[in-house]
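Remarks on the structure that follows.
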Amino acid sequence: MIQTILTIALSLFCLAILLALYRIIVGPSMPDRVVALDMIGVNLISGVAVFSVVLHTHAFLEVILIVGILAFISTLALARFVERGDIVEHKRNN
Amino acid sequence: MKINDVILKTVSKAAVLIIFTFGIYLFLSGHNEPGGGFIGGLVLASAFVLLFLSHDSETISDAIPLDFKKISALGVLIAFASSTVPMFFGQPFMSQSFGYFDLPIFGKTELATVTVFEAGVALTVIGVVVNIIFSISEDE
Amino acid sequence: MMNNIVLLPMLLPILVGVVLIFLRAYGRVQAWFSIGVMAVSAGIAFYLLEQVQTNGILRLDFGGWEPPFGILFVADSFSLLLVLTTAIVATIILLYAMFSAGKFLQTTYFYPTILFLIAGVNGSFLTGDLFNLFVCFEVMLLSSYVLLTLGGNKRQLREAIKYVVINIVSSWFFLVALAYLYGAVGTLNMAHVSVRVAEAGQGPLLTTVSIIFLIVFSLKAGLLLYFWLPGSYSAPPAVTSALFGALLTKVGIYALFRVFSLIFYHQPEITHTIIGAMAALTLVGGSLGAIAFNDIRKIAAYNVVIAVGFILVGLAVSTPNAVEGAIYYLIHDMVIKALLFLLVGTIISLTGTAMLDKMSGLMKNYPLLGWSFFITMLSLAGVPPLSGFIGKVLVSEGAVESGSYGLLTLALLSSLFVLYSLLRIFKNSFWGETIVSKEDQVPLKKTLLIPCLLLVLLTVGLGLGTELISGYVTDAAETLLNPDIYIDAVMGGGES
Amino acid sequence: MSIREIIEFAGVLLILIGSIMAVISAIGILRLPDVYTRSHAATKSSTLAVLLSLIGTFIYFWASEDFISVRLLLGITFVFLTAPVAGHLITRAAYRSNVKLSESSTEDALENVIARPQNTDNKSGES
Amino acid sequence: MHLLIFAILIPFFAAALIPLLYRRVGKLNIGWFVLIVPLILFIIFALRIPDISAGDTIASTLEWIPSLGINFSIYLDGLSLILALLITGMGSLVILYSIYYLSPYDSLPHFYAYLLLFMGAMLGVVLSDNLLVLYVFWELTSISSFLLIAFWFHRKNSRYGAQKSLLITVFGGFGMLAGFIMLHTMTDTFSVREIAATISQYTDHALFYPAMFLVLLGAFTKSAQFPFHIWLPDAMEAPTPVSAYLHSATMVKAGIYLVARFTPVFGGTSAWFWTVTLVGLVTLFWGSFCAVRQTDLKALLAYSTISQLGLIMSLFGMGSAALYFGDGSDGALYGLATFAALFHLVNHSTFKGALFMVVGIVDHQVGTRISGV
Amino acid sequence: METLIILLVGVLTAVAIYLVLSKSLIRVILGTAIFSHAVHLLILSMGGLKKGTVPLLGEEAPSYVDALPQALILTAIVISFAVTAFILVLAFRAYQELGTDDLEEMRGVNDE
């Protein structure tokens, strides 16, 4: 029972990732792609969590946080790039 | 054009705190579980990267007055020096030893000489990553 | 007994190199430190070499893990001879660097990087584990990337990109080969792999794996796949080119010798024939390249290629004489290539150009430099009694013994091309009408000449004093040709 | 069914709801007309989805193995903190880099607050 | 260990001393000091004449790389003695001549150092018993010849001639080295005497003929035999004493010496007979033919030298048949050819040396070497 | 499972080679990065994807997977990290100096 539900949940997450992938490919604008990428990251986190439940192991729990950190930082960097054209400013001008 | 980053700055302070905690946790758990110097170092470095992203590089280098090139060198030095120590006790290079200690808060803790080595690795990774961010950002 | 000292040739340069990072501002101090550490490691290598003669092959198990479980360093005569030569040559090159490198180079982590490079080279020579070999290769290559880009003019950057990308790809191929080998035999300890391969027989699969190794190491050594070499060796400053010319390709050659004499020696009619064909093509290509260019740096770089082909003729033939000759030639080549690149660099710094047709009559202005170059030229061509001679004789003898007359012809003819290519430099730049008057000439610093003269002495000394090292070389060749000696030393008993 | 199993089941149910939310948000990102509305779908429901599934996992491990994972708690906090900020930043970047609003949108409230650079070349715009 | 070994080394030491000595002697021409060396050597060798003509030989060894069987061993017999006397005798005369020939603006220490280097190398070639040591000195003669031809290296032709001669002789040298290595592979020794003693066992060996041709390649390039003669006319850019000494009297005779030295090894075969004789004869005719067309006196002498070398070579080739016929009357007849060859070798060295010197004088006095101007 | 992973390795390698062969330097770098991942996966599958638990102390399990490939991969990752970091900085410098990231155009840049 539980296993079935988990499998369904896992495939739904995969479906969500695939749909977001479509958005990444089609665009049409850069922010669209970034949004979709961010969403993939978030779904990946959920996927890993479900996966560790399926496998009954704690070994993957670190991955959740790491993927979260990476997704956040990359989204941040991409957003800055879209907005200002650089990633790290030398000196804030305000 | 004035860009107001209050939300980002506020949140990133909290996020950096979390990342630091997690990084140190990963670094220490490396002996028996996933983690260790390299991964811990990377996570710690990502905290620095986050700081660079949310603030500007000058503010950060004023706040943390460290030469990260020297930090990575120091890391390598620590790693190799700690591996060298056993040679003076007639053990092969990179031999390690560990023991269990009763520490006040953590209870029974395992401490191994390899942790020193890992610390060196972590420092190196932090230094290198931050350096790369620096060198890409500085000569615009 | 504990053999921790085996590690020192790799460990010392790293430790000192790291310390030097903290001494960034003090160029001179860095130079003396690095010269000192290289001299010390030369002493260590010599001590170890003596030890190996009396006690047999030395090994060090990291962390006390006995083979085949841990990683380890193994020191036999072959590796130690190369480590010794590396240390000596590096000392002299560093001496040159101290006098020649500008303020900028001195303070941009030039010396630490050189020391890391040497650590990688020494590590590759000494390691007894294929994966460790990969790691040491990478240490060496990373340092070489940095060295290639230091100073950063456009030409350097462009060549560096080519060099880095090619080396990254070949490194990943190295990993692919390691993966296949691990999948096939389940171990990466060289001696253990050798045992397993001998047990299972070198079937088609393992032969294929060996050919991937061949391709990887050929890229690093510049055997046939040398297209990247002339550009990247001629771009950086003289000191860096000298280090590259003396050390980098030699590591690839060392790996080829090690792998194909210790592990994949069961199917010589396939692997060694391919090596022979590649060596032959390398000789032809290198010879043509060496006489085709007007840029003296390019000429020098193509000479590296020719030497690689020549040394690998020794491996392709694999008779005792040939292997011994190849070792002699390897040692000779490390010395002489360093000298060649230093001289070429000096000439360029004196004349301000690298083009042959723009220089003339330097002999009148700088006689000592001219004579050094003359001796270098003869030594490279294998003219007796300089150091290249004995290696050439022995390799040729090996080729005769095994009936490889084609290789013999190419090897000897390539010497002629070497002679001709350098003769062109000598004839055009040193002879001829003096176009710079005594008053206008750029003064040649004595301090730049001293390292060159030291290397000249070394090449003459190696030629006349061949007897001094012949014992070590014979032992090295014997170990290479009888894998059992190596295997016994590594796998036999846990006396350490 | 022991109480423990019920709690386990509740955890798994949360995960299932989370996954359904994720698909809904994915549909949103697919169907909505412009980047602002898509980002709305992505951030809101995705955050909900991930929080639900992480809490579900946490509950599951708590119930089945009495294991309170600090890492998981940290993760939940982190995602909870950062996901909205990330959405905010992207949308702002989109607005500043001249990504058009959908034609069905009736009002641009920021039109007079933030001067949009009208004729910049841009690294992002419609491609 | 015989003192003769050091006789070979004397010129090298002297050559090394010249740069040191040059500063001290001041205005006096350094040639006078240099002249002492060949004179002493000549006397040393001349004193051996009675012993050698009595049939004695002198052999001695100085170890160099004993582990590989490469030792500095010398062997003095009649053939070597003749050439050694020729080298030192002609050397003395040439040095005497060059004291007056060269102008004080030329770099005298270089010239004499090269000349002494060459003399030592040449002595080494004719005295060594060890093949590889012979090869060492052989290459040294090429190198010193290269340096001497390019003595006036600011002239384009000098440089060209030097390069050509070096490349061709070194090419031959490499061939010869390969031949020597093959001989070593067959017989497992580098000693010429031992090879000559045991070669009869190996005549069927696959490497026998390749070795022979490769050794001949070395000899032919050095002796300017057809088709390798092309370097010799270009080598005439050298100062006249050099042409007299190297390119007519001694160095080109090294190839002849090699053929003579290896006649006992390869002699009794028809291949050797035909190759050496035919190449010698072709060179003889071709050299003479070309000589007729020359107007430059030195070039004329160069081609004449080539043809004379061809003559000597062909005589040695014919003489080798004596080994085939053995002790009979045919053998004695062919043996005469060898005698004639040796005789003409000495003969040619002296008269051609003299001719060159005369041309040098003409050049000096008249200002040109082109006849008919 | 192995077959699947190997197929994945093949796809990754193909992608990587396509990228490495392209003109843009940044694509080349991405290609090398992808190639490194492909190789790491290859090593992993060569070690055998057995049904075992992660090789950690503290988790009781009847069988563990081979730990050596993982150690190798970790090292390889560190190295690829360093190399990628270096070449990124190098590409950035080259872009600044040469004014292009197109390898074809780079060749046209004159010496010195």
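Identifiers for the structure tokens are assigned positionally: chains receive A, B, ... in sequence, residues are indexed from 1 per chain, and ligands are indexed from 1 in the order shown.
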Within 10 Å of chain F: each chain A residue with its shortest pair, only C-alpha atoms, as a tab-separated table:
residue	atom	partner	partner_atom	distance
A:Thr57	CA	F:Glu59	CA	9.2
A:His58	CA	F:Glu59	CA	9.7
A:Ala59	CA	F:Val54	CA	7.9
Could the residues in this selection be written to a file with N, CA and C atoms, as a PDB file, in the first residue's frame?
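Result saved to part_33.pdb:
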ATOM      1  N   THR A  57      16.470   4.497   4.021  1.00  0.00           N
ATOM      2  CA  THR A  57      17.847   4.825   4.411  1.00  0.00           C
ATOM      3  C   THR A  57      17.968   6.305   4.734  1.00  0.00           C
ATOM      4  N   HIS A  58      18.916   6.604   5.624  1.00  0.00           N
ATOM      5  CA  HIS A  58      19.135   8.011   5.968  1.00  0.00           C
ATOM      6  C   HIS A  58      20.260   8.611   5.145  1.00  0.00           C
ATOM      7  N   ALA A  59      20.860   7.771   4.330  1.00  0.00           N
ATOM      8  CA  ALA A  59      22.102   8.212   3.712  1.00  0.00           C
ATOM      9  C   ALA A  59      21.902   9.366   2.744  1.00  0.00           C
TER      10      ALA A  59
END
What residues in chain D get the DSSP label helix (DSSP H, G or I)? Please answer as an MDAnalysis selection string.
chainID D and resid 3:31 35:65 70:96
May I have the residues from that selection written out with C-alpha atoms, as a CSV table (one decimal), in the first residue's frame?
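The result, written out as selection-v4.csv:
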chain,number,residue,atom,x,y,z
D,3,ILE,CA,-0.9,4.3,15.9
D,4,ARG,CA,2.6,4.1,14.5
D,5,GLU,CA,1.4,2.8,11.2
D,6,ILE,CA,-1.3,5.5,11.1
D,7,ILE,CA,1.3,8.2,11.5
D,8,GLU,CA,3.4,6.5,8.9
D,9,PHE,CA,0.5,6.4,6.6
D,10,ALA,CA,-0.2,10.1,7.2
D,11,GLY,CA,3.4,10.9,6.3
D,12,VAL,CA,3.1,9.0,3.0
D,13,LEU,CA,-0.2,10.7,2.3
D,14,LEU,CA,1.4,14.1,2.8
D,15,ILE,CA,4.0,13.0,0.3
D,16,LEU,CA,1.3,12.0,-2.2
D,17,ILE,CA,-0.5,15.4,-1.8
D,18,GLY,CA,2.9,17.1,-2.2
D,19,SER,CA,3.5,15.2,-5.5
D,20,ILE,CA,0.0,16.2,-6.7
D,21,MET,CA,0.7,19.8,-5.9
D,22,ALA,CA,4.0,19.5,-7.8
D,23,VAL,CA,2.1,18.3,-10.9
D,24,ILE,CA,-0.4,21.0,-10.6
D,25,SER,CA,2.3,23.6,-10.4
D,26,ALA,CA,4.0,22.0,-13.4
D,27,ILE,CA,0.8,22.3,-15.3
D,28,GLY,CA,0.7,25.9,-14.2
D,29,ILE,CA,4.1,26.6,-15.5
D,30,LEU,CA,3.1,25.0,-18.8
D,31,ARG,CA,-0.2,26.7,-19.3
D,35,VAL,CA,6.6,34.7,-16.9
D,36,TYR,CA,5.0,36.4,-13.9
D,37,THR,CA,2.1,34.1,-13.8
D,38,ARG,CA,4.3,31.1,-14.3
D,39,SER,CA,6.5,32.1,-11.6
D,40,HIS,CA,3.5,32.4,-9.4
D,41,ALA,CA,2.7,28.8,-10.1
D,42,ALA,CA,6.2,27.7,-9.7
D,43,THR,CA,6.9,29.3,-6.4
D,44,LYS,CA,3.7,29.0,-4.6
D,45,SER,CA,2.6,25.5,-5.3
D,46,SER,CA,6.1,24.1,-5.6
D,47,THR,CA,7.1,25.4,-2.2
D,48,LEU,CA,4.0,23.9,-0.9
D,49,ALA,CA,4.7,20.6,-2.6
D,50,VAL,CA,8.3,20.3,-1.4
D,51,LEU,CA,7.3,21.3,2.1
D,52,LEU,CA,4.6,18.7,2.2
D,53,SER,CA,6.7,16.0,0.9
D,54,LEU,CA,9.6,16.8,3.2
D,55,ILE,CA,7.4,17.0,6.3
D,56,GLY,CA,5.8,13.7,5.1
D,57,THR,CA,9.3,12.2,5.0
D,58,PHE,CA,10.1,13.6,8.4
D,59,ILE,CA,7.0,12.2,9.9
D,60,TYR,CA,7.5,8.9,8.3
D,61,PHE,CA,11.0,8.4,9.6
D,62,TRP,CA,9.9,9.7,13.0
D,63,ALA,CA,7.1,7.2,13.1
D,64,SER,CA,8.9,4.2,11.7
D,65,GLU,CA,12.3,4.5,13.2
D,70,VAL,CA,18.0,17.4,12.1
D,71,ARG,CA,19.2,17.5,8.5
D,72,LEU,CA,15.7,17.2,7.3
D,73,LEU,CA,14.5,19.9,9.6
D,74,LEU,CA,17.3,22.2,8.5
D,75,GLY,CA,16.4,21.4,4.9
D,76,ILE,CA,12.7,22.2,5.5
D,77,THR,CA,13.7,25.5,7.1
D,78,PHE,CA,16.1,26.3,4.3
D,79,VAL,CA,13.7,25.6,1.5
D,80,PHE,CA,10.9,27.4,3.3
D,81,LEU,CA,13.2,30.4,3.6
D,82,THR,CA,14.7,30.5,0.2
D,83,ALA,CA,12.2,29.4,-2.3
D,84,PRO,CA,10.0,32.5,-2.1
D,85,VAL,CA,13.0,34.7,-2.3
D,86,ALA,CA,14.2,33.0,-5.4
D,87,GLY,CA,10.9,33.5,-7.0
D,88,HIS,CA,10.9,37.1,-6.0
D,89,LEU,CA,14.3,37.7,-7.5
D,90,ILE,CA,13.5,36.0,-10.8
D,91,THR,CA,10.3,37.9,-11.2
D,92,ARG,CA,12.0,41.2,-10.4
D,93,ALA,CA,14.8,40.4,-12.8
D,94,ALA,CA,12.2,39.6,-15.5
D,95,TYR,CA,10.5,42.8,-14.9
D,96,ARG,CA,13.6,44.8,-15.0
Would you kindly report the residues of chain C within 12 Å of chain B, using only C-alpha atoms, as number ranges by chain?
C: 1-8, 10-24, 59-66, 70-73, 108-109, 112-113, 116, 496
Identify all chain C residues at most 7 Å from chain F by counting only C-alpha atoms; ligands do not count. Present them as JSON, numbers by chain.
{"C": [142, 153, 154, 155, 157, 158, 169, 172, 175, 176, 179, 180, 182, 183]}
Please, which residues of chain B lie no more than 12 Å from chain D when the count uses only C-alpha atoms, and can they be set out as a list in words?
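Going by the stated atoms only, the list reads Met1, Lys2, Ile3, Asn4, Asp5, Val6, Ile7, Leu8, Lys9, Thr10, Val11, Ser12, Lys13, Ala14, Ala15, Val16, Leu17, Ile18, Ile19, Phe20, Thr21, Phe22, Gly23, Tyr25, Leu26, Leu50 and Ser54 of chain B.
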Please identify every residue of chain B that has at least one atom no farther than 8 Å from an atom of chain A, counting only C-alpha atoms, and for each give the shortest atom pair and the distance in Å to one decimal, arranged by chain then increasing number, as a tab-separated table.
residue	atom	partner	partner_atom	distance
B:Lys2	CA	A:Asn94	CA	6.4
B:Ile19	CA	A:Ile69	CA	7.6
B:Glu33	CA	A:Ala59	CA	7.9
B:Pro34	CA	A:Ala59	CA	7.3
B:Val43	CA	A:Ile66	CA	7.6
B:Ser46	CA	A:Ile69	CA	8.0
B:Val49	CA	A:Ile73	CA	8.0
B:Leu50	CA	A:Ile73	CA	6.4
B:Phe52	CA	A:Val88	CA	6.2
B:Leu53	CA	A:Val88	CA	5.5
B:His55	CA	A:Glu89	CA	7.9
B:Asp56	CA	A:Glu89	CA	5.0
B:Ser57	CA	A:His90	CA	5.2
B:Glu58	CA	A:Lys91	CA	5.8
B:Thr59	CA	A:Lys91	CA	7.6
B:Ile133	CA	A:Val88	CA	8.0
B:Ser137	CA	A:Val88	CA	5.7
B:Glu138	CA	A:His90	CA	6.4
Report as number ranges by chain all protein, DNA and RNA residues lying within 9 Å of range 41-46 of chain E, evaluated on only C-alpha atoms, omitting residues in the same chain fewer than 2 positions from it.
E: 4, 7-8, 10, 36-39, 48-50, 81, 84-89, 92
